[in-house]
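Shown below: target_36.pdb, with PDB, C-alpha atoms and all ligand atoms.
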ATOM      1  CA  MET X   1     114.519 111.508  98.492
ATOM      2  CA  LEU X   2     113.067 111.562  94.968
ATOM      3  CA  LYS X   3     112.897 114.539  92.621
ATOM      4  CA  ILE X   4     110.951 114.304  89.377
ATOM      5  CA  ASP X   5     111.915 117.344  87.319
ATOM      6  CA  SER X   6     109.936 118.283  84.230
ATOM      7  CA  ILE X   7     109.592 114.724  82.932
ATOM      8  CA  THR X   8     108.159 114.185  79.465
ATOM      9  CA  LYS X   9     107.697 110.708  77.977
ATOM     10  CA  LYS X  10     106.506 110.222  74.433
ATOM     11  CA  PHE X  11     105.571 106.957  72.745
ATOM     12  CA  GLY X  12     105.458 107.981  69.097
ATOM     13  CA  GLY X  13     102.653 110.551  68.987
ATOM     14  CA  ILE X  14     101.349 109.745  72.483
ATOM     15  CA  VAL X  15     102.533 112.044  75.269
ATOM     16  CA  ALA X  16     102.249 109.746  78.288
ATOM     17  CA  ASN X  17     103.869 112.278  80.665
ATOM     18  CA  ASN X  18     104.028 115.981  79.915
ATOM     19  CA  GLU X  19     106.542 118.058  81.920
ATOM     20  CA  VAL X  20     105.606 116.452  85.229
ATOM     21  CA  SER X  21     107.453 117.597  88.360
ATOM     22  CA  PHE X  22     107.067 116.550  91.982
ATOM     23  CA  THR X  23     109.113 115.439  94.969
ATOM     24  CA  VAL X  24     108.844 112.648  97.522
ATOM     25  CA  GLU X  25     110.335 113.366 100.957
ATOM     26  CA  ASP X  26     111.983 110.751 103.154
ATOM     27  CA  GLY X  27     109.388 108.871 105.229
ATOM     28  CA  GLN X  28     106.315 110.013 103.299
ATOM     29  CA  ILE X  29     103.519 108.018 101.746
ATOM     30  CA  VAL X  30     102.745 109.855  98.495
ATOM     31  CA  GLY X  31      99.838 108.987  96.201
ATOM     32  CA  LEU X  32      99.931 109.270  92.419
ATOM     33  CA  ILE X  33      96.373 109.221  91.098
ATOM     34  CA  GLY X  34      94.467 109.990  87.913
ATOM     35  CA  PRO X  35      92.066 108.424  85.407
ATOM     36  CA  ASN X  36      93.107 105.440  83.256
ATOM     37  CA  GLY X  37      95.782 106.416  80.745
ATOM     38  CA  ALA X  38      96.894 109.422  82.847
ATOM     39  CA  GLY X  39     100.522 108.236  82.770
ATOM     40  CA  LYS X  40     100.892 106.790  86.274
ATOM     41  CA  SER X  41     102.449 103.448  85.338
ATOM     42  CA  THR X  42     104.672 105.176  82.786
ATOM     43  CA  MET X  43     106.013 107.386  85.589
ATOM     44  CA  PHE X  44     106.704 104.271  87.689
ATOM     45  CA  ASN X  45     108.435 102.662  84.724
ATOM     46  CA  MET X  46     110.749 105.656  84.459
ATOM     47  CA  ILE X  47     111.527 105.824  88.183
ATOM     48  CA  SER X  48     112.460 102.130  88.071
ATOM     49  CA  SER X  49     114.373 102.751  84.802
ATOM     50  CA  ILE X  50     112.342 100.329  82.719
ATOM     51  CA  TYR X  51     111.834 103.321  80.385
ATOM     52  CA  GLN X  52     113.962 106.406  79.980
ATOM     53  CA  PRO X  53     112.277 109.818  79.886
ATOM     54  CA  THR X  54     112.200 111.690  76.578
ATOM     55  CA  THR X  55     113.237 114.842  78.464
ATOM     56  CA  GLY X  56     113.614 115.839  82.115
ATOM     57  CA  SER X  57     115.501 114.356  85.038
ATOM     58  CA  ILE X  58     114.943 111.986  87.953
ATOM     59  CA  THR X  59     117.138 112.354  91.027
ATOM     60  CA  PHE X  60     117.161 109.769  93.827
ATOM     61  CA  LEU X  61     119.102 110.616  97.007
ATOM     62  CA  GLY X  62     121.165 113.126  95.065
ATOM     63  CA  ASN X  63     121.993 110.802  92.130
ATOM     64  CA  ARG X  64     120.648 111.210  88.601
ATOM     65  CA  ILE X  65     119.039 107.850  87.818
ATOM     66  CA  ASP X  66     117.147 108.560  84.598
ATOM     67  CA  LYS X  67     119.878 107.279  82.323
ATOM     68  CA  LEU X  68     120.854 104.234  84.393
ATOM     69  CA  PRO X  69     119.828 100.714  83.373
ATOM     70  CA  ALA X  70     117.236  99.105  85.694
ATOM     71  CA  TYR X  71     119.755  96.685  87.201
ATOM     72  CA  GLN X  72     121.745  99.645  88.534
ATOM     73  CA  VAL X  73     118.718 101.460  89.961
ATOM     74  CA  ALA X  74     117.405  98.610  92.131
ATOM     75  CA  PRO X  75     120.604  98.316  94.219
ATOM     76  CA  LEU X  76     120.408 102.049  94.999
ATOM     77  CA  GLY X  77     117.284 101.207  97.006
ATOM     78  CA  ILE X  78     114.244 101.386  94.724
ATOM     79  CA  SER X  79     111.862  98.452  94.533
ATOM     80  CA  ARG X  80     108.383  98.083  93.094
ATOM     81  CA  THR X  81     105.293  95.991  92.512
ATOM     82  CA  PHE X  82     103.461  95.775  89.192
ATOM     83  CA  GLN X  83      99.878  96.521  88.178
ATOM     84  CA  ASN X  84      99.889  93.046  86.594
ATOM     85  CA  ILE X  85     101.328  90.987  89.445
ATOM     86  CA  GLN X  86     104.775  89.609  88.663
ATOM     87  CA  VAL X  87     105.727  86.689  90.876
ATOM     88  CA  PHE X  88     107.362  83.369  90.006
ATOM     89  CA  LYS X  89     104.286  81.158  89.841
ATOM     90  CA  SER X  90     106.100  77.821  89.855
ATOM     91  CA  MET X  91     108.135  78.744  92.948
ATOM     92  CA  THR X  92     106.894  78.485  96.522
ATOM     93  CA  VAL X  93     105.921  81.527  98.546
ATOM     94  CA  ILE X  94     109.152  81.518 100.552
ATOM     95  CA  GLU X  95     111.298  81.001  97.438
ATOM     96  CA  ASN X  96     109.755  84.115  95.888
ATOM     97  CA  VAL X  97     110.787  86.165  98.910
ATOM     98  CA  MET X  98     114.270  84.617  98.904
ATOM     99  CA  VAL X  99     114.678  85.785  95.303
ATOM    100  CA  GLY X 100     113.903  89.304  96.520
ATOM    101  CA  GLN X 101     116.598  89.044  99.180
ATOM    102  CA  HIS X 102     119.192  87.626  96.842
ATOM    103  CA  MET X 103     120.427  90.933  95.495
ATOM    104  CA  GLN X 104     120.658  92.377  98.991
ATOM    105  CA  THR X 105     122.572  89.365 100.339
ATOM    106  CA  LYS X 106     125.171  89.606  97.619
ATOM    107  CA  THR X 107     125.835  93.292  98.131
ATOM    108  CA  ASN X 108     125.892  93.842 101.892
ATOM    109  CA  PHE X 109     128.318  92.867 104.605
ATOM    110  CA  SER X 110     126.404  89.840 105.905
ATOM    111  CA  GLY X 111     126.312  88.548 102.335
ATOM    112  CA  MET X 112     130.093  88.676 102.149
ATOM    113  CA  VAL X 113     130.427  86.898 105.497
ATOM    114  CA  SER X 114     127.990  84.235 104.304
ATOM    115  CA  LEU X 115     130.021  83.661 101.181
ATOM    116  CA  LEU X 116     133.113  83.081 103.315
ATOM    117  CA  LEU X 117     131.261  80.693 105.605
ATOM    118  CA  GLY X 118     129.842  78.688 102.737
ATOM    119  CA  SER X 119     126.554  78.485 100.917
ATOM    120  CA  ARG X 120     124.651  76.312 103.411
ATOM    121  CA  SER X 121     124.826  78.876 106.195
ATOM    122  CA  GLU X 122     124.049  81.624 103.734
ATOM    123  CA  GLU X 123     120.995  79.670 102.647
ATOM    124  CA  LYS X 124     119.882  79.276 106.270
ATOM    125  CA  LEU X 125     120.267  82.995 106.971
ATOM    126  CA  VAL X 126     118.301  83.893 103.871
ATOM    127  CA  TYR X 127     115.613  81.323 104.708
ATOM    128  CA  ASP X 128     115.153  82.578 108.285
ATOM    129  CA  LYS X 129     115.027  86.170 107.116
ATOM    130  CA  ALA X 130     112.499  85.264 104.401
ATOM    131  CA  MET X 131     110.320  83.623 107.058
ATOM    132  CA  SER X 132     110.393  86.811 109.118
ATOM    133  CA  TYR X 133     109.242  88.783 106.057
ATOM    134  CA  LEU X 134     106.409  86.297 105.531
ATOM    135  CA  GLU X 135     105.358  86.775 109.174
ATOM    136  CA  PHE X 136     105.374  90.552 108.670
ATOM    137  CA  PHE X 137     102.898  90.109 105.790
ATOM    138  CA  GLY X 138     100.868  87.317 107.438
ATOM    139  CA  LEU X 139     101.918  84.742 104.845
ATOM    140  CA  GLU X 140     103.990  82.417 107.053
ATOM    141  CA  ASN X 141     101.454  79.556 106.984
ATOM    142  CA  LEU X 142     101.615  79.522 103.180
ATOM    143  CA  PHE X 143     105.425  79.397 102.981
ATOM    144  CA  ASP X 144     105.614  76.073 101.116
ATOM    145  CA  GLN X 145     102.644  76.663  98.782
ATOM    146  CA  LYS X 146     103.280  77.260  95.101
ATOM    147  CA  ALA X 147     102.608  80.897  94.245
ATOM    148  CA  ALA X 148     100.287  79.696  91.445
ATOM    149  CA  SER X 149      97.871  78.331  94.081
ATOM    150  CA  LEU X 150      97.398  81.662  95.892
ATOM    151  CA  SER X 151      94.318  83.886  95.772
ATOM    152  CA  LEU X 152      94.664  87.335  94.201
ATOM    153  CA  GLY X 153      94.806  88.969  97.635
ATOM    154  CA  LYS X 154      97.638  86.683  98.792
ATOM    155  CA  LEU X 155      99.487  87.132  95.496
ATOM    156  CA  ARG X 156      99.448  90.902  95.984
ATOM    157  CA  LEU X 157     100.790  90.420  99.523
ATOM    158  CA  LEU X 158     103.493  88.108  98.210
ATOM    159  CA  GLU X 159     104.636  90.580  95.567
ATOM    160  CA  PHE X 160     104.675  93.291  98.247
ATOM    161  CA  ALA X 161     106.714  91.022 100.568
ATOM    162  CA  ARG X 162     109.215  90.247  97.821
ATOM    163  CA  ALA X 163     109.678  93.939  97.012
ATOM    164  CA  PHE X 164     110.100  94.718 100.732
ATOM    165  CA  ALA X 165     112.651  91.895 101.062
ATOM    166  CA  THR X 166     115.051  93.796  98.798
ATOM    167  CA  GLN X 167     115.250  96.297 101.718
ATOM    168  CA  PRO X 168     114.414  99.310  99.564
ATOM    169  CA  LYS X 169     114.555 102.924 100.671
ATOM    170  CA  LEU X 170     111.760 103.770  98.226
ATOM    171  CA  LEU X 171     108.955 101.375  97.344
ATOM    172  CA  LEU X 172     106.661 101.935  94.346
ATOM    173  CA  LEU X 173     103.278 100.209  94.645
ATOM    174  CA  ASP X 174     101.278 100.110  91.391
ATOM    175  CA  GLU X 175      97.578  99.419  92.108
ATOM    176  CA  ILE X 176      98.417  97.084  94.976
ATOM    177  CA  ALA X 177      94.767  96.975  96.095
ATOM    178  CA  ALA X 178      93.248  96.339  92.639
ATOM    179  CA  GLY X 179      90.803  93.443  92.814
ATOM    180  CA  LEU X 180      90.883  93.216  96.597
ATOM    181  CA  ASN X 181      87.700  93.168  98.662
ATOM    182  CA  HIS X 182      86.915  95.763 101.317
ATOM    183  CA  LYS X 183      88.513  93.844 104.190
ATOM    184  CA  GLU X 184      91.648  93.025 102.184
ATOM    185  CA  THR X 185      91.931  96.668 101.107
ATOM    186  CA  LEU X 186      91.758  97.809 104.730
ATOM    187  CA  GLU X 187      94.444  95.286 105.688
ATOM    188  CA  MET X 188      96.564  96.454 102.763
ATOM    189  CA  SER X 189      96.385 100.089 103.859
ATOM    190  CA  GLU X 190      97.450  99.078 107.361
ATOM    191  CA  LEU X 191     100.362  97.100 105.928
ATOM    192  CA  ILE X 192     101.496 100.000 103.745
ATOM    193  CA  THR X 193     101.531 102.238 106.814
ATOM    194  CA  LYS X 194     103.409  99.557 108.793
ATOM    195  CA  VAL X 195     106.037  99.271 106.054
ATOM    196  CA  ARG X 196     106.451 103.049 106.010
ATOM    197  CA  ASP X 197     106.798 103.079 109.796
ATOM    198  CA  SER X 198     109.622 100.546 109.432
ATOM    199  CA  GLY X 199     111.564 103.209 107.510
ATOM    200  CA  VAL X 200     110.559 102.795 103.855
ATOM    201  CA  THR X 201     109.321 105.756 101.806
ATOM    202  CA  ILE X 202     106.341 104.853  99.638
ATOM    203  CA  LEU X 203     104.861 106.092  96.370
ATOM    204  CA  VAL X 204     101.489 104.505  95.557
ATOM    205  CA  VAL X 205      99.413 104.455  92.398
ATOM    206  CA  GLU X 206      95.922 103.503  93.465
ATOM    207  CA  HIS X 207      92.334 103.739  92.236
ATOM    208  CA  ASP X 208      90.776 103.075  95.624
ATOM    209  CA  MET X 209      90.156 106.628  96.804
ATOM    210  CA  ASP X 210      89.382 105.607 100.377
ATOM    211  CA  LEU X 211      92.787 103.952 100.630
ATOM    212  CA  VAL X 212      94.598 106.895  99.043
ATOM    213  CA  MET X 213      92.855 109.487 101.204
ATOM    214  CA  ARG X 214      93.435 107.417 104.366
ATOM    215  CA  ILE X 215      97.151 106.751 104.070
ATOM    216  CA  CYS X 216      98.761 109.456 101.907
ATOM    217  CA  GLU X 217     100.314 112.636 103.265
ATOM    218  CA  LYS X 218     100.549 114.102  99.785
ATOM    219  CA  ILE X 219      98.752 113.346  96.536
ATOM    220  CA  ILE X 220      99.812 114.131  92.973
ATOM    221  CA  VAL X 221      97.076 114.077  90.320
ATOM    222  CA  LEU X 222      97.824 113.338  86.667
ATOM    223  CA  ASP X 223      95.354 113.711  83.823
ATOM    224  CA  GLN X 224      96.266 112.809  80.239
ATOM    225  CA  GLY X 225      99.952 112.988  81.109
ATOM    226  CA  THR X 226      99.868 116.373  82.818
ATOM    227  CA  LYS X 227     100.021 117.125  86.539
ATOM    228  CA  ILE X 228      96.792 118.965  87.345
ATOM    229  CA  ALA X 229      97.018 119.122  91.142
ATOM    230  CA  GLU X 230      99.173 118.401  94.151
ATOM    231  CA  GLY X 231      98.274 118.661  97.820
ATOM    232  CA  THR X 232      96.981 117.030 100.962
ATOM    233  CA  PRO X 233      94.040 114.606 100.704
ATOM    234  CA  LYS X 234      91.717 117.405 101.836
ATOM    235  CA  GLU X 235      93.064 119.850  99.241
ATOM    236  CA  ILE X 236      92.747 117.261  96.489
ATOM    237  CA  GLN X 237      89.167 116.406  97.449
ATOM    238  CA  GLU X 238      88.221 120.071  97.098
ATOM    239  CA  ASN X 239      90.194 120.741  93.899
ATOM    240  CA  GLU X 240      87.991 121.774  90.943
ATOM    241  CA  ALA X 241      90.375 120.497  88.263
ATOM    242  CA  VAL X 242      90.514 117.092  89.941
ATOM    243  CA  ILE X 243      86.739 116.807  90.219
ATOM    244  CA  THR X 244      86.377 117.773  86.542
ATOM    245  CA  ALA X 245      89.063 115.318  85.401
ATOM    246  CA  TYR X 246      87.405 112.441  87.209
ATOM    247  CA  LEU X 247      83.891 113.316  86.121
ATOM    248  CA  GLY X 248      85.025 113.657  82.521
ATOM    249  CA  ALA X 249      86.690 110.263  82.600
ATOM    250  CA  ASP X 250      85.068 107.037  81.505
ATOM    251  CA  ILE X 251      85.012 105.430  84.950
ATOM    252  CA  ASP X 252      82.525 104.756  87.703
ATOM    253  CA  SER X 253      81.927 108.327  88.787
ATOM    254  CA  SER X 254      79.696 107.433  91.759
ATOM    255  CA  GLU X 255      82.683 105.920  93.536
ATOM    256  CA  ILE X 256      84.821 108.942  92.823
ATOM    257  CA  MET X 257      82.093 111.403  93.804
ATOM    258  CA  GLU X 258      81.805 109.743  97.162
ATOM    259  CA  ALA X 259      85.505 110.238  97.753
ATOM    260  CA  VAL X 260      85.808 113.681  96.216
ATOM    261  CA  ILE X 261      82.819 115.431  97.779
TER     262      ILE X 261
HETATM  263  N1  LIG H   1     105.043 100.916  76.057
HETATM  264  C1  LIG H   1     104.129 101.758  75.576
HETATM  265  N2  LIG H   1     104.008 101.987  74.255
HETATM  266  C2  LIG H   1     103.092 102.852  73.768
HETATM  267  N3  LIG H   1     102.234 103.541  74.524
HETATM  268  C3  LIG H   1     102.288 103.367  75.855
HETATM  269  C4  LIG H   1     103.238 102.469  76.465
HETATM  270  N4  LIG H   1     103.066 102.497  77.817
HETATM  271  C5  LIG H   1     102.064 103.364  78.034
HETATM  272  N5  LIG H   1     101.592 103.888  76.869
HETATM  273  C6  LIG H   1     100.528 104.870  76.712
HETATM  274  O1  LIG H   1     100.808 105.944  77.582
HETATM  275  C7  LIG H   1      99.603 106.431  78.168
HETATM  276  C8  LIG H   1      99.695 106.354  79.663
HETATM  277  O2  LIG H   1      99.640 104.981  80.064
HETATM  278  P1  LIG H   1      99.880 104.492  81.546
HETATM  279  O3  LIG H   1     101.109 105.118  82.067
HETATM  280  O4  LIG H   1      99.817 103.008  81.544
HETATM  281  O5  LIG H   1      98.612 105.108  82.298
HETATM  282  P2  LIG H   1      97.984 104.771  83.719
HETATM  283  O6  LIG H   1      98.898 103.854  84.450
HETATM  284  O7  LIG H   1      97.808 106.096  84.380
HETATM  285  O8  LIG H   1      96.637 104.143  83.436
HETATM  286  C9  LIG H   1      98.468 105.621  77.565
HETATM  287  O9  LIG H   1      97.951 106.325  76.459
HETATM  288  C10 LIG H   1      99.172 104.346  77.145
HETATM  289  O10 LIG H   1      98.485 103.744  76.073
HETATM  290 MG    MG H   2      98.663 101.970  85.254
END
Would you write out, as structure tokens, the structure that this file holds?
Amino acid sequence: MLKIDSITKKFGGIVANNEVSFTVEDGQIVGLIGPNGAGKSTMFNMISSIYQPTTGSITFLGNRIDKLPAYQVAPLGISRTFQNIQVFKSMTVIENVMVGQHMQTKTNFSGMVSLLLGSRSEEKLVYDKAMSYLEFFGLENLFDQKAASLSLGKLRLLEFARAFATQPKLLLLDEIAAGLNHKETLEMSELITKVRDSGVTILVVEHDMDLVMRICEKIIVLDQGTKIAEGTPKEIQENEAVITAYLGADIDSSEIMEAVI
């Protein structure tokens, strides 16, 4: 589905990604992990065409996407969430999801039918569909709340729901469990699996090792821009280079040790 081929991204003198290659197969949940500054978000920004790579290519379902503007990549079926949550705070929960659907409605067949029938029926279709997305994410009771009033955990669910509402083929989740408590993190991993089972391929950047090891079929490890390992959760846990990279990093090593050993 996705082929990252020898991607390098430089910001002035900083090499954020250094000849990174990997693939994501249809139906997989793939994890992209590594210490802070490893280049994970930069990779996401290139897959969603917010940045263009300095060199290398990105192919999605057979199409080169690395030189396309972001507005042309999203309709191909790539959606994402952001490390710093990006929702419309002054809109209600359901309005945020309806924004996510908007692009889809305008481009598919039912969207064209709706346009012919008039905007009121289109609105109703979009509203009903948005409600079904909210039910999928357990947010239906909050549908008329302003996004600004939500807790962090609900905001992350809302951003996830909005990304899912674009009906992507590939969903990029950037630290979707950051700041969540243990119970919320468990629920999030179940939701990610449920979304995958509905037919969406998923690439996750995540610091919570329990979550990554539980849900991913394949894990890619970046360190200072370079891919240092790739494999199954078990292979990654036993990989010397990975253990060294994490222990050398300025992060809470006790948490990592628990997951790695
Ligand atoms: N827009 C940018 N301009 C300059 N440097 C950047 C930019 N985005 C990321 N970087 C740098 O690239 C490196 C990788 O960052 P990032 O991809 O955010 O890492 P991660 O998500 O793995 O923590 C860091 O050194 C960061 O400071
Ligand atoms: Mg990041």
Item to complete: Name the residues that the PyMOL selection byres (((not hetatm)) within 9 of (chain H and resi 1)) picks from the file above, as a ChimeraX atom specification, using the file's chain letters and numbers.
Response: /X:9-17,32-45,51,83,174-175,205,222-225
May I have the residues within 12 Å of stretch 60-67 of chain X as a CSV table (one decimal) with C-alpha atoms, in the frame of the given file, using all atoms listed in the file and disregarding those fewer than 5 positions away in the same chain?
chain,number,residue,atom,x,y,z
X,1,MET,CA,114.5,111.5,98.5
X,2,LEU,CA,113.1,111.6,95.0
X,3,LYS,CA,112.9,114.5,92.6
X,4,ILE,CA,111.0,114.3,89.4
X,5,ASP,CA,111.9,117.3,87.3
X,7,ILE,CA,109.6,114.7,82.9
X,8,THR,CA,108.2,114.2,79.5
X,9,LYS,CA,107.7,110.7,78.0
X,23,THR,CA,109.1,115.4,95.0
X,24,VAL,CA,108.8,112.6,97.5
X,25,GLU,CA,110.3,113.4,101.0
X,26,ASP,CA,112.0,110.8,103.2
X,43,MET,CA,106.0,107.4,85.6
X,44,PHE,CA,106.7,104.3,87.7
X,45,ASN,CA,108.4,102.7,84.7
X,46,MET,CA,110.7,105.7,84.5
X,47,ILE,CA,111.5,105.8,88.2
X,48,SER,CA,112.5,102.1,88.1
X,49,SER,CA,114.4,102.8,84.8
X,50,ILE,CA,112.3,100.3,82.7
X,51,TYR,CA,111.8,103.3,80.4
X,52,GLN,CA,114.0,106.4,80.0
X,53,PRO,CA,112.3,109.8,79.9
X,54,THR,CA,112.2,111.7,76.6
X,55,THR,CA,113.2,114.8,78.5
X,72,GLN,CA,121.7,99.6,88.5
X,73,VAL,CA,118.7,101.5,90.0
X,74,ALA,CA,117.4,98.6,92.1
X,75,PRO,CA,120.6,98.3,94.2
X,76,LEU,CA,120.4,102.0,95.0
X,77,GLY,CA,117.3,101.2,97.0
X,78,ILE,CA,114.2,101.4,94.7
X,169,LYS,CA,114.6,102.9,100.7
X,170,LEU,CA,111.8,103.8,98.2
X,201,THR,CA,109.3,105.8,101.8
Worksheet item: So how many Å separate atom CA of X:Asp144 and atom CA of X:Arg156, to one decimal?
Response: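 So the answer is 16.9 Å.
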Worksheet entry | Separation of atom CA of X:Gly31 from atom CA of X:Leu203, in Å and rounded to one decimal |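 Here the two named atoms are 5.8 Å from each other.
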Item to complete: Take the PyMOL selection byres (((chain X and resi 87-95) around 12) and not hetatm), apply it to the structure above, and return the hits as a ChimeraX atom specification.
Response: /X:80-86,96-102,123,126-135,137-152,154-163,165
Closest atom pairs, residues of stretch 204-226 of chain X within 12 Å of stretch 236-246 of chain X, all atoms listed in the file, as a tab-separated table:
residue	atom	partner	partner_atom	distance
X:His207	CA	X:Tyr246	CA	11.2
X:Met209	CA	X:Gln237	CA	9.8
X:Asp210	CA	X:Gln237	CA	11.2
X:Val212	CA	X:Ile236	CA	10.8
X:Met213	CA	X:Gln237	CA	8.7
X:Cys216	CA	X:Ile236	CA	11.2
X:Glu217	CA	X:Ile236	CA	11.2
X:Lys218	CA	X:Ile236	CA	9.0
X:Ile219	CA	X:Ile236	CA	7.2
X:Ile220	CA	X:Ile236	CA	8.5
X:Val221	CA	X:Val242	CA	7.2
X:Leu222	CA	X:Val242	CA	8.8
X:Asp223	CA	X:Ala245	CA	6.7
X:Gln224	CA	X:Ala245	CA	9.2
X:Gly225	CA	X:Ala245	CA	11.9
X:Thr226	CA	X:Ala245	CA	11.2
Would you export the selected residues with C-alpha atoms as an mmCIF file, in the frame of the given file, please?
data_model
loop_
_atom_site.group_PDB
_atom_site.id
_atom_site.type_symbol
_atom_site.label_atom_id
_atom_site.label_comp_id
_atom_site.auth_asym_id
_atom_site.auth_seq_id
_atom_site.Cartn_x
_atom_site.Cartn_y
_atom_site.Cartn_z
ATOM 1 C CA HIS X 207 92.334 103.739 92.236
ATOM 2 C CA MET X 209 90.156 106.628 96.804
ATOM 3 C CA ASP X 210 89.382 105.607 100.377
ATOM 4 C CA VAL X 212 94.598 106.895 99.043
ATOM 5 C CA MET X 213 92.855 109.487 101.204
ATOM 6 C CA CYS X 216 98.761 109.456 101.907
ATOM 7 C CA GLU X 217 100.314 112.636 103.265
ATOM 8 C CA LYS X 218 100.549 114.102 99.785
ATOM 9 C CA ILE X 219 98.752 113.346 96.536
ATOM 10 C CA ILE X 220 99.812 114.131 92.973
ATOM 11 C CA VAL X 221 97.076 114.077 90.320
ATOM 12 C CA LEU X 222 97.824 113.338 86.667
ATOM 13 C CA ASP X 223 95.354 113.711 83.823
ATOM 14 C CA GLN X 224 96.266 112.809 80.239
ATOM 15 C CA GLY X 225 99.952 112.988 81.109
ATOM 16 C CA THR X 226 99.868 116.373 82.818
#
Practice prompt. Go through X:Ile228, X:Leu172, X:Leu180, X:Leu191 and flag the residue nearest X:Phe136, using only C-alpha atoms for the distances.
Written response: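 Nearest candidate to X:Phe136 out of X:Ile228, X:Leu172, X:Leu180, X:Leu191: X:Leu191.
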Worksheet entry | Shortest interatomic distance to X:Thr193 - which of X:Lys227, X:Pro69, X:Ser57, X:Ile215, counting only C-alpha atoms |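 Closest candidate: X:Ile215.
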